[in-house]
Each structure stands twice: as structure tokens, then as C-alpha cells.
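Structure first, commentary second.
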Amino acid sequence: MSALARAMSKFRLAVVQLHVTNVKADNLSRARRLIQEAAGQGSQVVLLPECFNSPYGTSFFPEYAERIPGESSRMLSEAAKENKVYLVGGSIPEEDGGKLYNSCLVFSPDGELMLKHRKIHLFDIDVPGKIRFQESETLSPGSSLSMFETPFCKVGVGICYDMRFAELPQLYSQKGCQLLVYPGAFNMTTGPAHWELLQRGRAVDNQVYVATASPARDEAASYVAWGHSTVVNPWGEVISKAGSEEAVVYADIDLQYLADVRQQIPITAQRRVDLYSVSAVCDA
């Protein structure tokens with residue numbers, strides 16, 4: 001392997017676990033500062049949490065929703081350019097054509113918008129005695145897969161509840177993604193039960209790195225996020241993890257290690273495509 005190839009096979013990922021308040025300007029300012037902090041620690045890719053500019057809740061989505069471009073997307077573009085990072089901008093409530101979406105924007109180190117992922121699977125659950133939440137009361141679902149290229153690897157994007165659907169990471173892996181990123185906000189019921197479990201499962205099943213970014217926990221909020229933003233390697237090991245408070249955690253993504261795992265346990269070559277397959281109905 002050449003020196004250049006070795007250099008490109010590793011990169012630093014930063015996951016920002018942001019304390020989100022009711023004041024959008026404060027959220028944007030704090031996020032911008034933490035992006036700068038992450039870049040200062042050598043990060044080339046930075047991931048923000050779901051609803052980083054807004055409290056999470058169906059009553060908040062209409063109030064905080066923006067068109068794109070807008071206040072939040074302009075900040076993300078500027079921060080990506082100022083710090084020369086690939087910036088996965090968590091998610092924001094987006095208004096478009098009279099509908100609201102939970103949307104993730106990705107910006108290049110030049111500040112250019114690379115993609116917009118609208119949450120595909122809306123969070124509609126009812127766990128009796130614990131939590132009921134219906135995103136579909138205010139949000140509309142997205143309708144496409146979302147991937148972007150970096151000089152290091154291809155990255156697949158999902159938002160929170162998207163992670164529960166195994167077909168999405170399977171398709172991303174088939175299409176060459178080696179890192180999957182999920183801004184998410186699991187709660188105090190689903191978080192301790194499934195947050196880490198799902199990430200490790202997606203990583204092992206598809207032999208990819210998986211990173212999740214949660215808002216920091218705020219016990220006074222109407223929706224209390226679990227926190228514990230995490231990075232998992234292709235062997236299913238947690239290699240970086242936050243607590244419940246605001247923090248930036250780092251992981252050095254090693255694509256040669258990923259290749260070694262795939263060579264040692266070659267499930268891609270061993271799949272019985274004569275018996276089963278997972279395919280996309282529409283293109284990314």
C-alpha cells in the first residue's frame with residue numbers, strides 16, 4: 001500500500017452531542033463552537049445530532065421549521081467551509097411546499113450542500129405506560145436513500161428511527177458505503193433497551209462503521225433524549241461513546257481494519273443470492 005493510500009485509509013470522525021435549548025440562536029452558536037472544537041482536534045468528518053437547532057417534539061416542528069436555504073443551513077455551510085470538514089448537519093425541521101420534514105443536510109469542506117436526507121421512517125410508536133409519539137402528526141416522510149462520497153469512503157445517511165430498518169444499511173453496504181451515520185434522539189424507554197444494540201447489529205451485519213449523534217440529555221425537556229452518542233466498528237465493538245451530558249467524542253476510522261474484517265469473515269461473497277436478496281425500489 002502506498003503512503004497516500006495508507007493516509008487515506010484512516011480519518012478522524014467527531015460526534016457532537018449537543019445540549020439543545022428552546023433558543024434557536026443559542027443552539028446554532030453552540031453547535032458552531034463545537035464544530036470548530038472538533039476540527040481543532042483533527043476531525044475531517046463531523047456529525048451533529050437530530051434536531052440540533054430545535055427541541056424535539058411535534059409541537060416544536062412547525063415553530064422551528066425553516067426553508068432551505070435558511071438560518072440553520074447557512075450556519076452549517078459556513079462552519080463546514082471555515083473548518084474545512086465534511087459536516088453531517090444532524091437534522092432540522094424543514095418546511096417545503098406546505099409540508100414539514102425531518103431533514104439532514106451534508107456540506108463539503110467548501111461549504112457546498114452535498115445532499116439532503118429526509119427521514120424515511122417516521123417515529124410513530126406507542127409503548128403503553130411509557131411513551132407515545134407520533135411524528136406523522138406533523139411530519140411527512142422522505143422517499144430516497146442518501147449517500148455521499150468523501151476522499152476516504154462512501155457514507156450512508158439515516159435519521160434515528162431509520163436505524164431500526166435493517167434493509168437500509170444493507171442497501172448502503174451493497175452500494176459501497178463503509179460508514180453509516182445516524183443523527184438520532186432515542187428516549188429514556190427505547191434508549192437503554194435498543195440504542196447501542198441496534199448500532200452494533202447494523203455494524204456487524206454489514207461490516208461497516210456506524211456512528212450515532214444524540215442530543216445531550218435534558219431532564220427538564222418535554223422529550224428526554226437518552227444521549228450516549230456512539231461509534232461502533234465493523235467487529236461490533238463500541239470504540240467511542242459519550243455519557244448523557246454535552247460532549248464531543250472522537251473515533252479514528254480505519255478502513256484497512258474494515259477490509260481485514262471483511263476478508264476474515266467474507267459474508268458478502270457467501271450470501272446466497274440465489275435464495276434471497278434486498279433491492280431498492282428507487283435509486284438513491
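By order of appearance in the C-alpha cells: chains A, B, ..., then residues from 1 within every chain, and ligands from 1 in the order shown.
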Taking a cut-off of 12 Å and counting only C-alpha atoms, can you build a table that, for each residue of region 101-165 of chain A near region 8-16 of chain A, reports the nearest atom pair and how far apart they are in Å (one decimal), sorted by chain then residue number, as a tab-separated table?
```
residue	atom	partner	partner_atom	distance
A:Thr150	CA	A:Met8	CA	10.1
A:Pro151	CA	A:Met8	CA	7.1
A:Phe152	CA	A:Met8	CA	5.5
A:Cys153	CA	A:Ser9	CA	8.3
A:Val155	CA	A:Leu13	CA	11.9
```
As a ChimeraX atom specification, please: every residue in region 29-231 of chain A that DSSP puts in strand (DSSP E). /A:45-47,86-88,92-96,99-107,113-118,124-127,131-134,147-149,154-157,177-183,209-213,230-231
Backbone-only DSSP, alpha helix (DSSP H) members of region 240-277 of chain A, as a ChimeraX atom specification: /A:255-264,267-270
List as a ChimeraX atom specification the protein and nucleic acid residues near region 217-223 of chain A, meaning an atom at most 7 Å away when only C-alpha atoms are counted, but skip any in the same chain fewer than 5 places from it. /A:56-57,244-245
If you keep C-alpha atoms, can you produce a file of those selected residues as a tab-separated table (two decimals), in the first residue's frame?
```
chain	number	residue	atom	x	y	z
A	56	TYR	CA	-37.66	17.54	19.69
A	57	GLY	CA	-41.44	17.31	19.62
A	244	SER	CA	-25.52	11.84	28.90
A	245	GLU	CA	-24.06	15.36	29.02
```
Counting only C-alpha atoms, which residues in region 47-84 of chain A sit no more than 12 Å from region 108-126 of chain A? For each one, give the nearest pair of atoms and the distance in Å, sorted by chain then residue number, as CSV.
```
residue,atom,partner,partner_atom,distance
A:Glu50,CA,A:Lys119,CA,10.3
A:Cys51,CA,A:Lys119,CA,11.6
A:Tyr56,CA,A:Phe123,CA,11.7
A:Gly57,CA,A:Phe123,CA,10.8
A:Thr58,CA,A:Phe123,CA,10.6
A:Ile68,CA,A:Lys116,CA,9.8
A:Pro69,CA,A:Leu113,CA,9.7
A:Ser73,CA,A:Leu113,CA,8.9
A:Arg74,CA,A:Gly111,CA,9.1
A:Met75,CA,A:Gly111,CA,9.7
A:Leu76,CA,A:Gly111,CA,7.8
A:Ser77,CA,A:Gly111,CA,4.4
A:Glu78,CA,A:Gly111,CA,6.0
A:Ala79,CA,A:Gly111,CA,7.5
A:Ala80,CA,A:Pro109,CA,5.2
A:Lys81,CA,A:Gly111,CA,4.4
A:Glu82,CA,A:Pro109,CA,8.0
A:Asn83,CA,A:Pro109,CA,7.3
A:Lys84,CA,A:Pro109,CA,4.2
```
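Here the question is which of A:Ser144, A:Asn233, A:Thr268, A:Thr189 gets nearest to Ala280 (chain A) using only C-alpha atoms, and that residue is A:Ser144.
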